[in-house]
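What follows is protein_1.txt (compact mmCIF, C-alpha atoms).
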```
# COMPACT_ATOMS: atom_id res chain seq x y z
CA MET A 1 15.92 -18.46 10.12
CA ILE A 2 17.71 -15.50 8.54
CA GLY A 3 15.20 -14.44 5.90
CA CYS A 4 16.60 -14.75 2.39
CA PHE A 5 14.98 -14.41 -1.02
CA LEU A 6 17.05 -16.16 -3.67
CA ASN A 7 14.52 -18.30 -5.58
CA GLN A 8 12.55 -16.03 -7.93
CA THR A 9 9.81 -16.40 -10.56
CA THR A 10 8.52 -13.76 -12.97
CA TYR A 11 5.06 -13.28 -14.54
CA SER A 12 4.04 -10.92 -17.34
CA THR A 13 1.56 -8.12 -16.67
CA GLY A 14 0.17 -5.30 -18.76
CA SER A 15 2.15 -2.16 -19.47
CA GLY A 16 3.51 -0.29 -16.46
CA PRO A 17 2.38 -2.28 -13.41
CA TYR A 18 2.38 0.55 -10.91
CA SER A 19 1.64 -1.29 -7.69
CA VAL A 20 0.80 -4.77 -6.44
CA THR A 21 -1.57 -6.35 -3.92
CA VAL A 22 -1.90 -10.00 -2.94
CA VAL A 23 -5.34 -11.21 -1.78
CA ASP A 24 -7.42 -14.38 -2.28
CA VAL A 25 -10.04 -13.16 -4.78
CA ASN A 26 -11.66 -16.50 -5.73
CA ASN A 27 -12.18 -18.03 -2.28
CA ASP A 28 -9.84 -21.00 -2.70
CA SER A 29 -7.65 -20.03 0.29
CA LYS A 30 -4.72 -19.20 -2.02
CA PRO A 31 -3.53 -15.60 -2.30
CA ASP A 32 -3.76 -14.13 -5.79
CA ILE A 33 -1.85 -11.22 -7.36
CA VAL A 34 -3.69 -8.05 -8.40
CA VAL A 35 -1.91 -5.23 -10.29
CA PRO A 36 -3.01 -1.93 -11.83
CA ASN A 37 -1.41 -1.70 -15.28
CA GLU A 38 -0.89 2.03 -15.57
CA TYR A 39 -0.31 2.40 -19.31
CA SER A 40 -2.74 -0.36 -20.31
CA ALA A 41 -5.58 1.17 -18.26
CA THR A 42 -6.44 -2.21 -16.79
CA VAL A 43 -6.20 -4.20 -13.61
CA GLY A 44 -4.69 -7.65 -13.95
CA ILE A 45 -5.57 -10.71 -11.85
CA LEU A 46 -3.07 -13.58 -11.62
CA LEU A 47 -4.76 -16.52 -9.91
CA ASN A 48 -2.64 -18.73 -7.66
CA LYS A 49 -2.42 -22.35 -8.83
CA GLY A 50 -1.90 -23.47 -5.25
CA ASN A 51 1.85 -23.85 -4.96
CA GLY A 52 2.86 -20.24 -5.30
CA THR A 53 2.82 -20.29 -9.09
CA PHE A 54 0.28 -18.23 -10.98
CA LEU A 55 -1.91 -18.37 -14.08
CA ASN A 56 -1.59 -15.75 -16.80
CA GLN A 57 -3.31 -12.51 -15.90
CA THR A 58 -6.94 -11.76 -16.70
CA THR A 59 -7.52 -8.05 -17.26
CA TYR A 60 -10.40 -5.66 -16.59
CA PRO A 61 -10.68 -2.09 -17.95
CA THR A 62 -10.22 0.85 -15.58
CA GLY A 63 -10.02 4.57 -16.11
CA SER A 64 -6.90 6.33 -17.30
CA TRP A 65 -3.65 5.56 -15.48
CA PRO A 66 -4.70 3.34 -12.56
CA CYS A 67 -2.09 3.94 -9.86
CA THR A 68 -2.66 1.78 -6.82
CA LEU A 69 -5.46 -0.36 -5.49
CA ALA A 70 -7.10 -1.93 -2.48
CA VAL A 71 -8.86 -5.30 -2.52
CA VAL A 72 -11.60 -5.38 0.13
CA ASP A 73 -15.23 -6.52 0.38
CA MET A 74 -17.14 -3.29 -0.26
CA ASN A 75 -20.74 -4.55 -0.42
CA SER A 76 -20.92 -7.12 2.41
CA ASP A 77 -21.18 -10.22 0.22
CA ASN A 78 -17.96 -11.74 1.59
CA LYS A 79 -16.18 -11.36 -1.76
CA PRO A 80 -13.18 -9.02 -2.04
CA ASP A 81 -13.74 -6.20 -4.53
CA ILE A 82 -11.19 -3.98 -6.27
CA VAL A 83 -10.93 -0.27 -5.48
CA VAL A 84 -8.67 1.66 -7.85
CA PRO A 85 -7.76 5.36 -8.18
CA ASN A 86 -7.78 6.41 -11.85
CA TYR A 87 -5.21 9.21 -11.90
CA TRP A 88 -6.11 10.95 -15.16
CA SER A 89 -9.84 10.19 -14.98
CA TYR A 90 -10.19 12.00 -11.64
CA ASN A 91 -12.19 9.20 -10.12
CA ILE A 92 -12.18 6.07 -8.00
CA GLY A 93 -13.34 2.87 -9.67
CA ILE A 94 -14.92 -0.07 -7.84
CA LEU A 95 -14.99 -3.47 -9.56
CA LEU A 96 -17.35 -5.81 -7.71
CA ASN A 97 -16.37 -9.47 -7.41
CA THR A 98 -18.87 -11.87 -8.98
CA GLY A 99 -17.85 -14.66 -6.62
CA ASN A 100 -15.34 -16.73 -8.54
CA GLY A 101 -12.57 -14.19 -8.86
CA THR A 102 -14.03 -12.45 -11.90
CA PHE A 103 -15.22 -8.86 -11.71
CA LEU A 104 -18.00 -6.62 -13.01
CA PRO A 105 -17.19 -3.42 -14.94
CA GLN A 106 -16.12 -0.59 -12.66
CA THR A 107 -18.50 1.90 -11.08
CA THR A 108 -16.83 5.29 -10.64
CA TYR A 109 -16.97 8.08 -8.07
CA SER A 110 -15.57 11.55 -8.72
CA THR A 111 -12.54 12.73 -6.78
CA GLY A 112 -10.26 15.71 -6.79
CA THR A 113 -7.38 16.07 -9.22
CA ASN A 114 -5.20 13.00 -9.78
CA PRO A 115 -6.17 10.46 -7.09
CA THR A 116 -3.05 8.45 -6.37
CA SER A 117 -3.18 6.22 -3.29
CA VAL A 118 -6.16 4.49 -1.68
CA ALA A 119 -6.98 2.80 1.62
CA VAL A 120 -10.23 1.24 2.82
CA ALA A 121 -11.37 1.37 6.45
CA ASP A 122 -14.53 2.03 8.46
CA VAL A 123 -13.82 5.62 9.51
CA ASN A 124 -17.21 6.51 11.02
CA GLY A 125 -18.00 3.43 13.11
CA ASP A 126 -21.00 2.16 11.14
CA ASN A 127 -19.38 -1.18 10.23
CA LYS A 128 -19.25 -0.25 6.53
CA PRO A 129 -15.93 0.12 4.71
CA ASP A 130 -15.20 3.67 3.56
CA ILE A 131 -12.68 4.84 0.97
CA VAL A 132 -9.83 7.22 1.80
CA TYR A 133 -7.50 8.44 -0.93
CA SER A 134 -4.91 11.08 -1.74
CA ASN A 135 -5.49 13.71 -4.44
CA TYR A 136 -1.98 14.35 -5.73
CA ASN A 137 -2.64 17.64 -7.51
CA SER A 138 -5.53 18.85 -5.35
CA ASP A 139 -3.20 18.90 -2.34
CA GLY A 140 -5.46 16.96 -0.04
CA VAL A 141 -7.08 13.70 0.96
CA GLY A 142 -10.64 12.68 0.21
CA VAL A 143 -13.10 10.45 2.08
CA LEU A 144 -16.01 8.59 0.47
CA LEU A 145 -18.44 7.32 3.11
CA ASN A 146 -20.24 4.05 2.37
CA LYS A 147 -24.04 4.31 2.20
CA GLY A 148 -24.37 0.70 3.26
CA ASN A 149 -24.89 -1.11 -0.02
CA GLY A 150 -21.46 -0.61 -1.50
CA THR A 151 -22.30 2.79 -2.99
CA PHE A 152 -20.82 6.01 -1.65
CA LEU A 153 -21.60 9.59 -0.74
CA ASN A 154 -19.82 12.45 -2.44
CA GLN A 155 -16.28 13.05 -1.24
CA THR A 156 -15.32 15.15 1.77
CA THR A 157 -11.84 16.62 1.41
CA TYR A 158 -9.15 17.73 3.87
CA PRO A 159 -6.18 19.92 2.89
CA THR A 160 -2.71 18.49 3.37
CA GLY A 161 -0.37 20.83 1.53
CA SER A 162 1.38 19.89 -1.67
CA GLU A 163 1.35 16.65 -3.67
CA SER A 164 -0.12 14.16 -1.21
CA TYR A 165 1.00 10.72 -2.28
CA SER A 166 0.87 7.53 -0.20
CA ILE A 167 -1.68 7.07 2.60
CA ALA A 168 -2.46 4.66 5.41
CA VAL A 169 -5.50 4.55 7.70
CA VAL A 170 -4.63 3.29 11.20
CA ASP A 171 -5.58 4.23 14.77
CA VAL A 172 -2.40 5.94 15.99
CA ASN A 173 -3.65 7.45 19.28
CA GLY A 174 -5.43 4.49 20.87
CA ASP A 175 -8.99 5.80 20.74
CA ASN A 176 -10.26 3.00 18.46
CA LYS A 177 -10.89 5.45 15.62
CA PRO A 178 -8.83 5.07 12.44
CA ASP A 179 -6.68 8.07 11.61
CA ILE A 180 -5.19 9.14 8.28
CA ILE A 181 -1.43 9.19 7.71
CA VAL A 182 -0.27 10.74 4.44
CA ALA A 183 3.11 11.25 2.78
CA ASN A 184 3.24 14.79 1.38
CA TYR A 185 5.75 14.33 -1.42
CA ASP A 186 6.57 17.92 -2.32
CA LEU A 187 6.57 19.31 1.24
CA ASN A 188 8.89 16.59 2.59
CA ASN A 189 6.69 15.63 5.51
CA VAL A 190 4.12 13.15 6.72
CA GLY A 191 0.78 14.41 7.93
CA VAL A 192 -1.37 12.84 10.64
CA LEU A 193 -5.10 13.64 10.59
CA LEU A 194 -6.77 12.41 13.77
CA ASN A 195 -10.31 11.07 13.54
CA LYS A 196 -12.89 13.05 15.54
CA GLY A 197 -14.99 9.91 15.93
CA ASN A 198 -17.69 10.42 13.34
CA GLY A 199 -15.59 9.98 10.23
CA THR A 200 -14.46 13.58 10.09
CA PHE A 201 -10.88 14.56 10.78
CA LEU A 202 -8.85 17.24 12.52
CA SER A 203 -6.37 19.33 10.56
CA GLN A 204 -3.15 17.48 9.92
CA VAL A 205 -0.11 17.66 12.18
CA THR A 206 3.08 17.26 10.16
CA TYR A 207 6.48 15.70 10.83
CA PRO A 208 9.55 16.37 8.65
CA THR A 209 10.79 13.49 6.52
CA GLY A 210 13.60 13.20 4.05
CA THR A 211 13.19 14.39 0.48
CA ASN A 212 10.15 13.24 -1.52
CA PRO A 213 8.45 10.71 0.77
CA ASP A 214 6.95 8.17 -1.62
CA SER A 215 5.43 5.47 0.55
CA VAL A 216 4.20 5.10 4.12
CA ALA A 217 3.41 2.16 6.40
CA VAL A 218 2.10 2.25 9.97
CA VAL A 219 3.10 -0.67 12.22
CA ASP A 220 4.35 -1.13 15.81
CA MET A 221 8.11 -1.38 15.26
CA ASN A 222 9.40 -1.55 18.86
CA SER A 223 6.83 -3.77 20.63
CA ASP A 224 5.29 -1.05 22.79
CA ASN A 225 1.78 -1.58 21.34
CA LYS A 226 1.85 1.83 19.66
CA PRO A 227 1.82 2.02 15.85
CA ASP A 228 4.86 3.75 14.40
CA ILE A 229 5.29 5.39 11.00
CA VAL A 230 7.75 4.09 8.42
CA VAL A 231 8.33 6.19 5.31
CA ALA A 232 10.38 5.64 2.16
CA ASN A 233 12.18 8.90 1.34
CA GLY A 234 12.73 8.53 -2.40
CA GLY A 235 14.85 11.63 -2.86
CA SER A 236 17.03 11.02 0.20
CA ASN A 237 17.73 7.33 -0.46
CA ASN A 238 16.65 6.24 2.99
CA VAL A 239 13.76 5.01 5.08
CA GLY A 240 12.64 6.91 8.15
CA VAL A 241 11.08 5.46 11.29
CA PHE A 242 8.93 7.73 13.49
CA LEU A 243 8.32 6.15 16.89
CA ASN A 244 4.93 6.83 18.47
CA LYS A 245 5.04 8.63 21.83
CA GLY A 246 1.75 7.01 22.81
CA ASN A 247 -0.80 9.73 22.15
CA GLY A 248 -0.61 9.83 18.39
CA THR A 249 2.36 12.17 18.30
CA PHE A 250 5.74 11.04 17.07
CA LEU A 251 9.45 11.41 17.71
CA ASN A 252 11.73 12.71 14.96
CA GLN A 253 12.57 10.12 12.34
CA ILE A 254 15.51 7.75 12.59
CA THR A 255 16.84 6.99 9.11
CA TYR A 256 18.43 3.95 7.48
CA SER A 257 20.21 4.13 4.13
CA THR A 258 18.72 2.36 1.12
CA ASP A 259 19.80 2.13 -2.48
CA THR A 260 18.58 4.66 -5.05
CA ASN A 261 15.02 5.98 -4.83
CA PRO A 262 13.17 3.73 -2.40
CA ASN A 263 9.67 3.95 -3.81
CA SER A 264 7.65 1.46 -1.77
CA VAL A 265 7.86 0.15 1.78
CA ALA A 266 6.29 -2.82 3.57
CA VAL A 267 6.73 -3.89 7.18
CA VAL A 268 6.49 -7.63 7.90
CA ASP A 269 8.39 -10.13 10.07
CA VAL A 270 10.34 -11.99 7.38
CA ASN A 271 12.61 -14.12 9.61
CA SER A 272 10.12 -15.42 12.21
CA ASP A 273 11.66 -13.70 15.24
CA ASN A 274 8.42 -11.84 16.10
CA HIS A 275 9.95 -8.47 15.20
CA PRO A 276 8.68 -6.59 12.13
CA ASP A 277 11.28 -6.01 9.42
CA ILE A 278 11.38 -3.34 6.71
CA VAL A 279 11.31 -4.23 3.02
CA VAL A 280 11.78 -1.54 0.35
CA ALA A 281 11.67 -1.42 -3.44
CA ASN A 282 14.66 0.59 -4.70
CA LEU A 283 13.27 1.90 -7.98
CA TYR A 284 16.46 3.06 -9.71
CA SER A 285 18.76 0.36 -8.31
CA ASN A 286 16.58 -2.49 -9.58
CA ASN A 287 16.53 -4.32 -6.29
CA VAL A 288 14.65 -4.77 -3.05
CA GLY A 289 16.25 -4.13 0.32
CA VAL A 290 15.49 -6.01 3.54
CA PHE A 291 16.26 -4.40 6.92
CA LEU A 292 16.09 -6.90 9.77
CA ASN A 293 14.80 -5.61 13.10
CA LYS A 294 17.30 -5.93 15.96
CA GLY A 295 14.42 -6.41 18.37
CA ASN A 296 14.10 -2.91 19.77
CA GLY A 297 12.80 -1.10 16.70
CA THR A 298 16.24 -0.37 15.28
CA PHE A 299 17.51 -2.13 12.18
CA LEU A 300 20.51 -3.79 10.60
CA ASN A 301 21.85 -2.51 7.28
CA GLN A 302 19.83 -3.67 4.29
CA THR A 303 20.48 -6.84 2.36
CA THR A 304 19.53 -6.45 -1.30
CA TYR A 305 18.04 -8.83 -3.86
CA SER A 306 17.95 -8.11 -7.59
CA THR A 307 14.70 -7.51 -9.43
CA ASP A 308 13.89 -6.62 -13.01
CA SER A 309 13.81 -2.99 -14.16
CA GLY A 310 11.89 -0.39 -12.20
CA PRO A 311 10.66 -2.08 -9.02
CA GLY A 312 8.11 0.50 -7.96
CA SER A 313 5.91 -1.39 -5.53
CA LEU A 314 5.99 -4.46 -3.35
CA THR A 315 4.01 -6.46 -0.86
CA VAL A 316 5.12 -9.25 1.48
CA VAL A 317 2.77 -12.25 1.76
CA ASP A 318 3.15 -16.04 1.97
CA VAL A 319 2.09 -17.13 -1.53
CA ASN A 320 3.15 -20.80 -1.48
CA GLY A 321 1.77 -21.98 1.86
CA ASP A 322 5.06 -22.63 3.66
CA SER A 323 4.32 -20.11 6.46
CA LYS A 324 7.18 -17.85 5.30
CA PRO A 325 6.34 -14.42 3.87
CA ASP A 326 7.45 -13.96 0.28
CA ILE A 327 8.14 -10.70 -1.56
CA VAL A 328 6.01 -9.84 -4.60
CA VAL A 329 7.32 -6.85 -6.55
CA ALA A 330 5.87 -4.96 -9.52
CA ASN A 331 8.57 -4.04 -12.06
CA ARG A 332 7.19 -1.02 -13.92
CA ASN A 333 9.74 -0.90 -16.73
CA SER A 334 9.81 -4.67 -17.34
CA ASN A 335 6.03 -5.09 -17.40
CA ASN A 336 6.04 -7.95 -14.95
CA VAL A 337 5.72 -9.02 -11.36
CA ARG A 338 8.42 -11.03 -9.67
CA VAL A 339 7.93 -13.38 -6.73
CA LEU A 340 10.93 -13.74 -4.40
CA PHE A 341 10.38 -16.84 -2.31
CA ASN A 342 11.52 -16.78 1.30
CA CYS A 343 14.04 -19.51 2.04
```
Represent the structure of the file as structure tokens.
Amino acid sequence: MIGCFLNQTTYSTGSGPYSVTVVDVNNDSKPDIVVPNEYSATVGILLNKGNGTFLNQTTYPTGSWPCTLAVVDMNSDNKPDIVVPNYWSYNIGILLNTGNGTFLPQTTYSTGTNPTSVAVADVNGDNKPDIVYSNYNSDGVGVLLNKGNGTFLNQTTYPTGSESYSIAVVDVNGDNKPDIIVANYDLNNVGVLLNKGNGTFLSQVTYPTGTNPDSVAVVDMNSDNKPDIVVANGGSNNVGVFLNKGNGTFLNQITYSTDTNPNSVAVVDVNSDNHPDIVVANLYSNNVGVFLNKGNGTFLNQTTYSTDSGPGSLTVVDVNGDSKPDIVVANRNSNNVRVLFNC
């Protein structure tokens, strides 16, 4: 199996779908599409009919300019809830799932200036999911600890430099405590904040990237059981791979050329060879690029597949139940999501 994505279907969203997540929100064992519609100030839910086709979106109001989102059970009722950073409202919104894939109005928690990216993980070992997010214009990351009932303490912040953008929360040093990895857009680096063990974090250690790192993923790329960092360098037109030395420190990046302005990166085995591949959304080239893993953590040149205008975010999930991961991409300028089925 080579991994190709020729059969495509498109679905309308609200205005400016900024990112995309695929999660089963109505407990029918079929993954659904969730998008924050930036200019409509809504999140849209497209329920899966069961064969990888989707119903028209149902929308729910958010704050101003919802950027990204996470879909995770926040209140221990076994129903995935929506967590969304509202960029111009300076808050995080949580929309609780009522149980059938519909959602209550958002409850908000104050953040720093312009929250942009969000991740959900238990950072203090109390078995409750906490919220970690980047504050783009406060130059830091914030942590909201879960009180235990799906409500949250006031934020604790950690400085990162300038214009923190995409984040991931993954244990990178093997101590079973999730660490924060953040792409610092204006400083052209990624920062790693190691978890002290109680949900507080050490000062970041930084690693140079290309220009304007937009998106970060943390996955073991070379089968050594150590999570590596993959970053989309939007201003350099490449992706960088930082291999983990084994103690949560990283080698210098190895880069692979993309098309223009790679804005989102996902790492998934798309050709069933048990090696994770890199998939990027090339924002200004109106395509997605797929880099197949050679098997040792190095990659072949990208193969590209056309999208609509402004592919700014993607995720890679099997949406039609054929055990092959498909690409779902949010096209910001076309106001739609496109599903590229894996053949």
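Between Asn91 (chain A) and the residues A:Ser309, A:Asn51, A:Asn154, A:Thr42, the shortest atom-to-atom distance, using only C-alpha atoms, involves A:Asn154.
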A:Ser166, A:Asn75, A:Thr211, A:Asn247: which is nearest Pro227 (chain A), counting all atoms listed in the file?
A:Asn247
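CA of Asn335 (chain A) is positioned 23.9 Å from CA of Val216 (chain A).
The space between CA of Ser110 (chain A) and CA of Ile92 (chain A) spans 6.5 Å.
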Find the residues with any atom within 7 Å of (-3.3, 5.2, 7.3); use only C-alpha atoms and the coordinates as given in the file, and write the answer as a ChimeraX atom specification.
/A:167-170,179-182,218
At a cut-off of 12 Å, using all atoms listed in the file, what residues contact Gln253 (chain A)? Leave out same-chain residues fewer than 6 positions from it and give the result as a PDB file with C-alpha atoms, in the coordinates of the input.
```pdb
ATOM      1  CA  ASN A 189       6.690  15.630   5.510  1.00  0.00           C
ATOM      2  CA  VAL A 190       4.120  13.150   6.720  1.00  0.00           C
ATOM      3  CA  TYR A 207       6.480  15.700  10.830  1.00  0.00           C
ATOM      4  CA  PRO A 208       9.550  16.370   8.650  1.00  0.00           C
ATOM      5  CA  THR A 209      10.790  13.490   6.520  1.00  0.00           C
ATOM      6  CA  GLY A 210      13.600  13.200   4.050  1.00  0.00           C
ATOM      7  CA  ASP A 228       4.860   3.750  14.400  1.00  0.00           C
ATOM      8  CA  ILE A 229       5.290   5.390  11.000  1.00  0.00           C
ATOM      9  CA  VAL A 230       7.750   4.090   8.420  1.00  0.00           C
ATOM     10  CA  VAL A 231       8.330   6.190   5.310  1.00  0.00           C
ATOM     11  CA  ALA A 232      10.380   5.640   2.160  1.00  0.00           C
ATOM     12  CA  ASN A 233      12.180   8.900   1.340  1.00  0.00           C
ATOM     13  CA  ASN A 238      16.650   6.240   2.990  1.00  0.00           C
ATOM     14  CA  VAL A 239      13.760   5.010   5.080  1.00  0.00           C
ATOM     15  CA  GLY A 240      12.640   6.910   8.150  1.00  0.00           C
ATOM     16  CA  VAL A 241      11.080   5.460  11.290  1.00  0.00           C
ATOM     17  CA  PHE A 242       8.930   7.730  13.490  1.00  0.00           C
ATOM     18  CA  LEU A 243       8.320   6.150  16.890  1.00  0.00           C
ATOM     19  CA  ASN A 244       4.930   6.830  18.470  1.00  0.00           C
ATOM     20  CA  THR A 298      16.240  -0.370  15.280  1.00  0.00           C
TER      21      THR A 298
END
```
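Put simply, CA of Ser12 (chain A) is 10.9 Å away from CA of Arg332 (chain A).
Shell of Phe291 (chain A) at 7 Å, with all atoms listed in the file counted and residues fewer than 3 places along the chain excluded, is Asp277, Ile278, Val279, Phe299, Leu300, Asn301, Gln302 and Thr303 of chain A.
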Best match for closeness to Gln155 (chain A) among A:Val34, A:Val143, A:Ala217, A:Ala183, counting only C-alpha atoms:
A:Val143
If we count only C-alpha atoms, what is near Asn184 (chain A) at a cut-off of 9 Å, once residues fewer than 2 positions away on the same chain are taken out, given as number ranges by chain?
A: 136, 139, 160-166, 182, 186-191, 212-214
Contacts of Ala70 (chain A) at 8 Å or less, counting only C-alpha atoms, minus same-chain residues fewer than 6 places along, as a PDB file with C-alpha atoms, in the coordinates of the input?
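So the final result, stored in selection-v7.pdb, reads:
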```
ATOM      1  CA  THR A  21      -1.570  -6.350  -3.920  1.00  0.00           C
ATOM      2  CA  ILE A  82     -11.190  -3.980  -6.270  1.00  0.00           C
ATOM      3  CA  VAL A  83     -10.930  -0.270  -5.480  1.00  0.00           C
ATOM      4  CA  VAL A  84      -8.670   1.660  -7.850  1.00  0.00           C
ATOM      5  CA  VAL A 118      -6.160   4.490  -1.680  1.00  0.00           C
ATOM      6  CA  ALA A 119      -6.980   2.800   1.620  1.00  0.00           C
ATOM      7  CA  VAL A 120     -10.230   1.240   2.820  1.00  0.00           C
TER       8      VAL A 120
END
```
